[in-house]
$ cat data_17.pdb   # PDB, C-alpha atoms
ATOM      1  CA  MET A   1     -23.287  17.612 -22.255  1.00  0.00           C
ATOM      2  CA  ALA A   2     -25.912  17.337 -19.496  1.00  0.00           C
ATOM      3  CA  ALA A   3     -25.337  13.587 -19.258  1.00  0.00           C
ATOM      4  CA  THR A   4     -21.790  14.120 -18.007  1.00  0.00           C
ATOM      5  CA  LYS A   5     -22.718  16.494 -15.188  1.00  0.00           C
ATOM      6  CA  PRO A   6     -23.176  13.900 -12.391  1.00  0.00           C
ATOM      7  CA  GLY A   7     -19.607  12.682 -12.800  1.00  0.00           C
ATOM      8  CA  ARG A   8     -17.976  16.088 -12.818  1.00  0.00           C
ATOM      9  CA  PRO A   9     -17.428  16.558  -9.050  1.00  0.00           C
ATOM     10  CA  ASN A  10     -15.672  13.188  -8.843  1.00  0.00           C
ATOM     11  CA  GLN A  11     -13.687  13.965 -11.970  1.00  0.00           C
ATOM     12  CA  ARG A  12     -12.551  17.278 -10.491  1.00  0.00           C
ATOM     13  CA  GLN A  13     -11.427  15.494  -7.342  1.00  0.00           C
ATOM     14  CA  ARG A  14      -9.526  12.943  -9.452  1.00  0.00           C
ATOM     15  CA  THR A  15      -7.858  15.635 -11.537  1.00  0.00           C
ATOM     16  CA  ARG A  16      -6.724  17.466  -8.421  1.00  0.00           C
ATOM     17  CA  LYS A  17      -5.413  14.238  -6.908  1.00  0.00           C
ATOM     18  CA  ASP A  18      -3.629  13.356 -10.160  1.00  0.00           C
ATOM     19  CA  LEU A  19      -1.789  16.685 -10.027  1.00  0.00           C
ATOM     20  CA  LEU A  20      -0.778  16.111  -6.407  1.00  0.00           C
ATOM     21  CA  GLN A  21       0.403  12.562  -7.105  1.00  0.00           C
ATOM     22  CA  ALA A  22       2.394  13.683 -10.146  1.00  0.00           C
ATOM     23  CA  ALA A  23       4.064  16.437  -8.108  1.00  0.00           C
ATOM     24  CA  SER A  24       4.795  14.007  -5.268  1.00  0.00           C
ATOM     25  CA  LEU A  25       6.404  11.503  -7.642  1.00  0.00           C
ATOM     26  CA  LEU A  26       8.612  14.156  -9.225  1.00  0.00           C
ATOM     27  CA  MET A  27       9.635  15.486  -5.805  1.00  0.00           C
ATOM     28  CA  LYS A  28      10.565  11.959  -4.657  1.00  0.00           C
ATOM     29  CA  GLN A  29      12.937  11.865  -7.631  1.00  0.00           C
ATOM     30  CA  GLY A  30      14.761  14.822  -6.084  1.00  0.00           C
ATOM     31  CA  ARG A  31      13.400  17.381  -8.520  1.00  0.00           C
ATOM     32  CA  HIS A  32      11.750  20.746  -8.013  1.00  0.00           C
ATOM     33  CA  PRO A  33       9.298  20.590 -10.912  1.00  0.00           C
ATOM     34  CA  GLY A  34       7.517  23.477 -12.552  1.00  0.00           C
ATOM     35  CA  ILE A  35       3.802  23.599 -13.193  1.00  0.00           C
ATOM     36  CA  GLU A  36       4.271  22.569 -16.853  1.00  0.00           C
ATOM     37  CA  GLU A  37       6.232  19.440 -15.901  1.00  0.00           C
ATOM     38  CA  ILE A  38       3.676  18.471 -13.268  1.00  0.00           C
ATOM     39  CA  ALA A  39       0.766  19.033 -15.653  1.00  0.00           C
ATOM     40  CA  GLU A  40       2.455  16.877 -18.290  1.00  0.00           C
ATOM     41  CA  ALA A  41       3.038  14.065 -15.781  1.00  0.00           C
ATOM     42  CA  ALA A  42      -0.604  14.288 -14.691  1.00  0.00           C
ATOM     43  CA  LEU A  43      -1.770  14.223 -18.344  1.00  0.00           C
ATOM     44  CA  VAL A  44      -3.549  17.565 -18.110  1.00  0.00           C
ATOM     45  CA  SER A  45      -2.920  20.963 -19.659  1.00  0.00           C
ATOM     46  CA  ARG A  46      -1.001  23.756 -17.966  1.00  0.00           C
ATOM     47  CA  ALA A  47      -4.208  25.830 -17.951  1.00  0.00           C
ATOM     48  CA  THR A  48      -6.015  23.037 -16.113  1.00  0.00           C
ATOM     49  CA  ALA A  49      -3.267  22.845 -13.496  1.00  0.00           C
ATOM     50  CA  TYR A  50      -3.548  26.595 -12.871  1.00  0.00           C
ATOM     51  CA  ARG A  51      -7.306  26.252 -12.363  1.00  0.00           C
ATOM     52  CA  TYR A  52      -6.614  23.963  -9.417  1.00  0.00           C
ATOM     53  CA  PHE A  53      -3.566  25.701  -7.954  1.00  0.00           C
ATOM     54  CA  PRO A  54      -2.674  29.431  -8.133  1.00  0.00           C
ATOM     55  CA  ASN A  55       1.054  28.706  -8.488  1.00  0.00           C
ATOM     56  CA  VAL A  56       3.570  25.895  -8.354  1.00  0.00           C
ATOM     57  CA  ASP A  57       4.542  26.643  -4.735  1.00  0.00           C
ATOM     58  CA  ALA A  58       0.980  26.003  -3.555  1.00  0.00           C
ATOM     59  CA  LEU A  59       0.921  22.736  -5.507  1.00  0.00           C
ATOM     60  CA  LEU A  60       4.277  21.534  -4.174  1.00  0.00           C
ATOM     61  CA  LEU A  61       3.323  22.500  -0.624  1.00  0.00           C
ATOM     62  CA  GLU A  62       0.162  20.425  -0.674  1.00  0.00           C
ATOM     63  CA  ALA A  63       1.886  17.567  -2.500  1.00  0.00           C
ATOM     64  CA  ALA A  64       4.417  17.321   0.321  1.00  0.00           C
ATOM     65  CA  LEU A  65       1.595  17.158   2.853  1.00  0.00           C
ATOM     66  CA  ASP A  66      -0.206  14.592   0.714  1.00  0.00           C
ATOM     67  CA  VAL A  67       2.815  12.324   1.062  1.00  0.00           C
ATOM     68  CA  ALA A  68       2.915  12.887   4.836  1.00  0.00           C
ATOM     69  CA  THR A  69      -0.710  11.798   5.355  1.00  0.00           C
ATOM     70  CA  PRO A  70      -0.874   8.136   6.478  1.00  0.00           C
ATOM     71  CA  ASP A  71      -3.043   5.647   4.615  1.00  0.00           C
ATOM     72  CA  ALA A  72      -5.678   3.315   6.061  1.00  0.00           C
ATOM     73  CA  ASP A  73      -3.501   0.199   5.722  1.00  0.00           C
ATOM     74  CA  THR A  74      -0.828   1.814   7.876  1.00  0.00           C
ATOM     75  CA  ILE A  75      -3.228   3.139  10.500  1.00  0.00           C
ATOM     76  CA  PHE A  76      -5.132  -0.121  10.961  1.00  0.00           C
ATOM     77  CA  LYS A  77      -2.259  -2.537  10.354  1.00  0.00           C
ATOM     78  CA  ASP A  78      -2.371  -3.974  13.894  1.00  0.00           C
ATOM     79  CA  GLU A  79      -5.946  -3.016  14.796  1.00  0.00           C
ATOM     80  CA  ARG A  80      -8.194  -6.010  15.527  1.00  0.00           C
ATOM     81  CA  SER A  81     -11.142  -4.157  17.072  1.00  0.00           C
ATOM     82  CA  ASP A  82     -14.211  -3.156  15.057  1.00  0.00           C
ATOM     83  CA  ASP A  83     -15.237  -0.567  17.687  1.00  0.00           C
ATOM     84  CA  PRO A  84     -15.911   2.543  15.556  1.00  0.00           C
ATOM     85  CA  ALA A  85     -14.982   5.042  18.275  1.00  0.00           C
ATOM     86  CA  LEU A  86     -11.682   3.281  18.912  1.00  0.00           C
ATOM     87  CA  ARG A  87     -10.868   3.049  15.212  1.00  0.00           C
ATOM     88  CA  VAL A  88     -11.755   6.702  14.572  1.00  0.00           C
ATOM     89  CA  ALA A  89      -9.547   7.651  17.517  1.00  0.00           C
ATOM     90  CA  ARG A  90      -6.663   5.948  15.705  1.00  0.00           C
ATOM     91  CA  VAL A  91      -7.333   8.109  12.673  1.00  0.00           C
ATOM     92  CA  ASP A  92      -7.339  11.183  14.899  1.00  0.00           C
ATOM     93  CA  THR A  93      -4.035  10.149  16.500  1.00  0.00           C
ATOM     94  CA  ALA A  94      -2.450   9.637  13.077  1.00  0.00           C
ATOM     95  CA  PHE A  95      -3.608  13.062  11.929  1.00  0.00           C
ATOM     96  CA  GLN A  96      -2.345  14.741  15.076  1.00  0.00           C
ATOM     97  CA  LYS A  97       1.113  13.233  14.598  1.00  0.00           C
ATOM     98  CA  MET A  98       1.161  14.397  10.980  1.00  0.00           C
ATOM     99  CA  ILE A  99      -0.032  17.883  11.955  1.00  0.00           C
ATOM    100  CA  ALA A 100       2.557  18.205  14.724  1.00  0.00           C
ATOM    101  CA  ALA A 101       5.305  17.280  12.260  1.00  0.00           C
ATOM    102  CA  ASN A 102       4.061  19.669   9.543  1.00  0.00           C
ATOM    103  CA  GLU A 103       2.310  22.472  11.445  1.00  0.00           C
ATOM    104  CA  PRO A 104       3.880  25.482   9.634  1.00  0.00           C
ATOM    105  CA  GLN A 105       3.159  23.971   6.210  1.00  0.00           C
ATOM    106  CA  LEU A 106      -0.414  23.049   7.155  1.00  0.00           C
ATOM    107  CA  ARG A 107      -1.126  26.530   8.460  1.00  0.00           C
ATOM    108  CA  LEU A 108       0.269  27.987   5.244  1.00  0.00           C
ATOM    109  CA  MET A 109      -1.832  25.628   3.129  1.00  0.00           C
ATOM    110  CA  LEU A 110      -4.942  26.586   5.076  1.00  0.00           C
ATOM    111  CA  ALA A 111      -4.125  30.275   4.668  1.00  0.00           C
ATOM    112  CA  LYS A 112      -3.671  29.825   0.912  1.00  0.00           C
ATOM    113  CA  SER A 113      -6.986  28.001   0.535  1.00  0.00           C
ATOM    114  CA  LEU A 114      -8.765  30.739   2.506  1.00  0.00           C
ATOM    115  CA  GLU A 115      -7.063  33.391   0.388  1.00  0.00           C
ATOM    116  CA  GLN A 116      -8.267  31.662  -2.774  1.00  0.00           C
ATOM    117  CA  SER A 117     -11.788  31.484  -1.388  1.00  0.00           C
ATOM    118  CA  VAL A 118     -11.847  35.190  -0.509  1.00  0.00           C
ATOM    119  CA  SER A 119     -10.224  36.353  -3.737  1.00  0.00           C
ATOM    120  CA  GLY A 120     -12.313  34.055  -5.911  1.00  0.00           C
ATOM    121  CA  THR A 121      -9.243  32.769  -7.763  1.00  0.00           C
ATOM    122  CA  THR A 122     -10.470  29.157  -7.647  1.00  0.00           C
ATOM    123  CA  ALA A 123     -12.828  28.301 -10.491  1.00  0.00           C
ATOM    124  CA  PRO A 124     -16.391  27.356  -9.460  1.00  0.00           C
ATOM    125  CA  GLY A 125     -16.765  23.684  -8.661  1.00  0.00           C
ATOM    126  CA  ILE A 126     -13.039  23.029  -8.242  1.00  0.00           C
ATOM    127  CA  PRO A 127     -12.126  21.883  -4.717  1.00  0.00           C
ATOM    128  CA  ALA A 128      -9.818  24.246  -2.843  1.00  0.00           C
ATOM    129  CA  ARG A 129      -8.241  21.338  -0.953  1.00  0.00           C
ATOM    130  CA  GLN A 130      -7.912  17.593  -1.141  1.00  0.00           C
ATOM    131  CA  ASN A 131     -10.233  15.689   1.209  1.00  0.00           C
ATOM    132  CA  ARG A 132      -7.832  13.335   2.964  1.00  0.00           C
ATOM    133  CA  ARG A 133      -9.721  12.747   6.184  1.00  0.00           C
ATOM    134  CA  THR A 134     -13.020  11.362   4.884  1.00  0.00           C
ATOM    135  CA  PRO A 135     -11.590   8.199   3.255  1.00  0.00           C
ATOM    136  CA  LEU A 136      -9.764   7.402   6.498  1.00  0.00           C
ATOM    137  CA  ILE A 137     -12.864   8.051   8.612  1.00  0.00           C
ATOM    138  CA  GLU A 138     -14.919   5.823   6.318  1.00  0.00           C
ATOM    139  CA  ALA A 139     -12.277   3.088   6.568  1.00  0.00           C
ATOM    140  CA  ALA A 140     -12.458   3.360  10.361  1.00  0.00           C
ATOM    141  CA  LEU A 141     -16.252   3.004  10.350  1.00  0.00           C
ATOM    142  CA  GLU A 142     -16.480   0.265   7.719  1.00  0.00           C
ATOM    143  CA  PRO A 143     -16.291  -2.806  10.050  1.00  0.00           C
ATOM    144  CA  ALA A 144     -19.244  -1.438  12.077  1.00  0.00           C
ATOM    145  CA  ARG A 145     -21.309  -0.311   9.077  1.00  0.00           C
ATOM    146  CA  ARG A 146     -24.201  -2.665   9.879  1.00  0.00           C
ATOM    147  CA  ALA A 147     -24.584  -1.066  13.312  1.00  0.00           C
ATOM    148  CA  PHE A 148     -25.737   2.195  11.698  1.00  0.00           C
ATOM    149  CA  LYS A 149     -28.518   3.134   9.332  1.00  0.00           C
ATOM    150  CA  PRO A 150     -27.176   4.453   5.986  1.00  0.00           C
ATOM    151  CA  ASP A 151     -28.223   8.065   6.633  1.00  0.00           C
ATOM    152  CA  ALA A 152     -26.758   7.927  10.135  1.00  0.00           C
ATOM    153  CA  MET A 153     -23.481   6.539   8.770  1.00  0.00           C
ATOM    154  CA  LYS A 154     -23.231   9.344   6.206  1.00  0.00           C
ATOM    155  CA  MET A 155     -23.995  12.006   8.817  1.00  0.00           C
ATOM    156  CA  LEU A 156     -21.524  10.465  11.266  1.00  0.00           C
ATOM    157  CA  ALA A 157     -18.674  10.494   8.744  1.00  0.00           C
ATOM    158  CA  ARG A 158     -19.359  14.144   7.930  1.00  0.00           C
ATOM    159  CA  ALA A 159     -19.612  15.166  11.587  1.00  0.00           C
ATOM    160  CA  LEU A 160     -16.355  13.383  12.444  1.00  0.00           C
ATOM    161  CA  ALA A 161     -14.610  15.306   9.661  1.00  0.00           C
ATOM    162  CA  ILE A 162     -15.311  18.470  11.652  1.00  0.00           C
ATOM    163  CA  VAL A 163     -13.442  17.266  14.761  1.00  0.00           C
ATOM    164  CA  ILE A 164     -10.466  15.638  13.000  1.00  0.00           C
ATOM    165  CA  GLY A 165      -7.777  17.511  11.093  1.00  0.00           C
ATOM    166  CA  THR A 166      -6.038  20.853  10.828  1.00  0.00           C
ATOM    167  CA  GLU A 167      -9.060  23.041  11.570  1.00  0.00           C
ATOM    168  CA  ALA A 168      -9.848  21.176  14.798  1.00  0.00           C
ATOM    169  CA  TYR A 169      -6.197  21.456  15.785  1.00  0.00           C
ATOM    170  CA  ILE A 170      -6.225  25.223  15.263  1.00  0.00           C
ATOM    171  CA  VAL A 171      -9.458  25.671  17.226  1.00  0.00           C
ATOM    172  CA  THR A 172      -8.161  23.741  20.238  1.00  0.00           C
ATOM    173  CA  ARG A 173      -4.699  25.334  20.078  1.00  0.00           C
ATOM    174  CA  ASP A 174      -5.406  28.950  19.057  1.00  0.00           C
ATOM    175  CA  VAL A 175      -9.020  29.628  20.062  1.00  0.00           C
ATOM    176  CA  LEU A 176      -9.446  27.452  23.157  1.00  0.00           C
ATOM    177  CA  GLN A 177      -5.721  27.502  24.046  1.00  0.00           C
ATOM    178  CA  LEU A 178      -5.800  23.916  25.275  1.00  0.00           C
ATOM    179  CA  SER A 179      -2.783  21.767  25.976  1.00  0.00           C
ATOM    180  CA  ASP A 180      -2.239  18.748  23.740  1.00  0.00           C
ATOM    181  CA  LYS A 181      -3.645  16.421  26.408  1.00  0.00           C
ATOM    182  CA  GLU A 182      -6.700  18.597  26.983  1.00  0.00           C
ATOM    183  CA  ALA A 183      -7.312  18.862  23.244  1.00  0.00           C
ATOM    184  CA  GLU A 184      -7.053  15.098  22.824  1.00  0.00           C
ATOM    185  CA  LYS A 185      -9.535  14.578  25.663  1.00  0.00           C
ATOM    186  CA  VAL A 186     -12.023  16.929  23.976  1.00  0.00           C
ATOM    187  CA  ARG A 187     -11.662  15.207  20.597  1.00  0.00           C
ATOM    188  CA  ARG A 188     -12.092  11.751  22.132  1.00  0.00           C
ATOM    189  CA  TRP A 189     -15.232  12.918  23.927  1.00  0.00           C
ATOM    190  CA  ALA A 190     -16.607  14.354  20.693  1.00  0.00           C
ATOM    191  CA  ILE A 191     -15.835  11.169  18.746  1.00  0.00           C
ATOM    192  CA  GLN A 192     -17.548   8.969  21.321  1.00  0.00           C
ATOM    193  CA  ALA A 193     -20.556  11.317  21.542  1.00  0.00           C
ATOM    194  CA  LEU A 194     -20.999  11.396  17.767  1.00  0.00           C
ATOM    195  CA  VAL A 195     -20.738   7.622  17.444  1.00  0.00           C
ATOM    196  CA  ALA A 196     -23.274   7.158  20.244  1.00  0.00           C
ATOM    197  CA  ALA A 197     -25.661   9.662  18.665  1.00  0.00           C
ATOM    198  CA  ALA A 198     -25.413   7.929  15.275  1.00  0.00           C
ATOM    199  CA  ARG A 199     -26.297   4.578  16.855  1.00  0.00           C
ATOM    200  CA  THR A 200     -29.585   5.997  18.130  1.00  0.00           C
ATOM    201  CA  GLN A 201     -30.536   7.885  14.983  1.00  0.00           C
ATOM    202  CA  GLY A 202     -33.786   6.633  13.508  1.00  0.00           C
TER
END
$ encode --input "data_17.pdb" --output "structure tokens"
Amino acid sequence: MAATKPGRPNQRQRTRKDLLQAASLLMKQGRHPGIEEIAEAALVSRATAYRYFPNVDALLLEAALDVATPDADTIFKDERSDDPALRVARVDTAFQKMIAANEPQLRLMLAKSLEQSVSGTTAPGIPARQNRRTPLIEAALEPARRAFKPDAMKMLARALAIVIGTEAYIVTRDVLQLSDKEAEKVRRWAIQALVAAARTQG
């Protein structure tokens, strides 16, 4: 049993993603599937599906947002530069467009994940949300990987995840009450500052 422990976090992420992909596929077929149908399509039990999502509405909500999130091939289709700050800015722009088009749903998803965290309804070790931003950030940084030390690259990707996405949007909109242009200027400054700091990290 102990030998399987290292793979469990990745397996949990895969299981969660499998459920989201199964739900997305069924929704694209014009159906409004139940949790049992989604679990069957994802090749997991109904009990497993409920460990990851409190109800089918939460699962379908996030599945719809999963579909709306752009992939790396789309974001960097016409990008020729390997400048990490410029490429990360493209990821940020893509996320902002997705957030603007799905703001009510994203706020609801965030509220549901916070509710699960407070109520303790998510089983230990099971991610409350899918990590969509990190793979895109890593794809943005990949062409410049040799310009950073491995530890600096890892820290940079994690730090950038803080300034890109729904949470950053809510901070700039609700807490700081910035306009879209002001918020974009702040995020660009943060991206450039983080990239510059990672270059100098020993």
$ resolve_selection --input "data_17.pdb" --expression "the PyMOL selection byres ((chain A and resi 42) around 9)" --output "number ranges by chain"
A: 15, 18-23, 37-41, 43-45
$ write_last_selection --input "data_17.pdb" --atoms "C-alpha atoms" --output "PDB file, in the frame of the given file"
ATOM      1  CA  THR A  15      -7.858  15.635 -11.537  1.00  0.00           C
ATOM      2  CA  ASP A  18      -3.629  13.356 -10.160  1.00  0.00           C
ATOM      3  CA  LEU A  19      -1.789  16.685 -10.027  1.00  0.00           C
ATOM      4  CA  LEU A  20      -0.778  16.111  -6.407  1.00  0.00           C
ATOM      5  CA  GLN A  21       0.403  12.562  -7.105  1.00  0.00           C
ATOM      6  CA  ALA A  22       2.394  13.683 -10.146  1.00  0.00           C
ATOM      7  CA  ALA A  23       4.064  16.437  -8.108  1.00  0.00           C
ATOM      8  CA  GLU A  37       6.232  19.440 -15.901  1.00  0.00           C
ATOM      9  CA  ILE A  38       3.676  18.471 -13.268  1.00  0.00           C
ATOM     10  CA  ALA A  39       0.766  19.033 -15.653  1.00  0.00           C
ATOM     11  CA  GLU A  40       2.455  16.877 -18.290  1.00  0.00           C
ATOM     12  CA  ALA A  41       3.038  14.065 -15.781  1.00  0.00           C
ATOM     13  CA  LEU A  43      -1.770  14.223 -18.344  1.00  0.00           C
ATOM     14  CA  VAL A  44      -3.549  17.565 -18.110  1.00  0.00           C
ATOM     15  CA  SER A  45      -2.920  20.963 -19.659  1.00  0.00           C
TER      16      SER A  45
END
$ closest_residue --input "data_17.pdb" --among "A:Ile99, A:Val118, A:Leu65, A:Ile137" --to "A:Ile191" --atoms "all atoms listed in the file"
A:Ile137
$ closest_residue --input "data_17.pdb" --among "A:Leu60, A:Leu176, A:Asp66, A:Pro104" --to "A:Arg31" --atoms "all atoms listed in the file"
A:Leu60
$ residues_around --input "data_17.pdb" --residues "A:Asp71" --least-positions-apart "2" --cutoff "10 Å" --atoms "all atoms listed in the file" --output "ChimeraX atom specification"
/A:67-69,73-76,91,94,132-133,135-136,139
$ resolve_selection --input "data_17.pdb" --expression "the PyMOL selection byres ((chain A and resi 163) around 12)" --output "ChimeraX atom specification"
/A:88-89,91-93,95-96,133-134,137,156-162,164-172,183-194
$ atom_distance --input "data_17.pdb" --atom1 "atom CA of A:Met98" --atom2 "atom CA of A:Asn55"
24.2 Å
$ axis_aligned_box --input "data_17.pdb" --around "stretch 158-170 of chain A" --padding-each-side "5 Å" --output "lines of an AutoDock Vina configuration file"
center_x = -12.8
center_y = 19.3
center_z = 11.9
size_x = 23.6
size_y = 21.8
size_z = 17.9
$ residues_around --input "data_17.pdb" --residues "A:Leu108" --least-positions-apart "6" --cutoff "10 Å" --atoms "only C-alpha atoms" --output "list of chain:residue names"
A:Ala58, A:Leu61, A:Glu62, A:Leu114
$ resolve_selection --input "data_17.pdb" --expression "the PyMOL selection byres ((chain A and resi 82) around 10)" --output "ChimeraX atom specification"
/A:79-81,83-87,140-145
$ atom_distance --input "data_17.pdb" --atom1 "atom CA of A:Met109" --atom2 "atom CA of A:Val56"
12.7 Å
$ atom_distance --input "data_17.pdb" --atom1 "atom CA of A:Leu178" --atom2 "atom CA of A:Arg199"
29.4 Å
$ build_atoms --input "data_17.pdb" --residues "stretch 174-186 of chain A" --atoms "N, CA and C atoms" --output "compact mmCIF listing (two decimals), keeping the file's coordinate frame"
# COMPACT_ATOMS: atom_id res chain seq x y z
N ASP A 174 -5.40 27.49 19.14
CA ASP A 174 -5.41 28.95 19.06
C ASP A 174 -6.61 29.59 19.76
N VAL A 175 -7.79 29.02 19.53
CA VAL A 175 -9.02 29.63 20.06
C VAL A 175 -9.24 29.23 21.52
N LEU A 176 -9.20 27.93 21.79
CA LEU A 176 -9.45 27.45 23.16
C LEU A 176 -8.18 27.45 24.01
N GLN A 177 -7.02 27.49 23.35
CA GLN A 177 -5.72 27.50 24.05
C GLN A 177 -5.58 26.31 25.00
N LEU A 178 -5.90 25.13 24.48
CA LEU A 178 -5.80 23.92 25.28
C LEU A 178 -4.42 23.28 25.10
N SER A 179 -4.01 22.56 26.10
CA SER A 179 -2.78 21.77 25.98
C SER A 179 -3.09 20.58 25.05
N ASP A 180 -2.04 19.90 24.62
CA ASP A 180 -2.24 18.75 23.74
C ASP A 180 -3.10 17.68 24.41
N LYS A 181 -2.86 17.44 25.69
CA LYS A 181 -3.64 16.42 26.41
C LYS A 181 -5.10 16.84 26.55
N GLU A 182 -5.32 18.10 26.86
CA GLU A 182 -6.70 18.60 26.98
C GLU A 182 -7.42 18.53 25.64
N ALA A 183 -6.71 18.90 24.58
CA ALA A 183 -7.31 18.86 23.24
C ALA A 183 -7.67 17.43 22.84
N GLU A 184 -6.78 16.50 23.14
CA GLU A 184 -7.05 15.10 22.82
C GLU A 184 -8.28 14.59 23.59
N LYS A 185 -8.39 14.99 24.85
CA LYS A 185 -9.54 14.58 25.66
C LYS A 185 -10.84 15.10 25.06
N VAL A 186 -10.83 16.34 24.59
CA VAL A 186 -12.02 16.93 23.98
C VAL A 186 -12.38 16.19 22.69
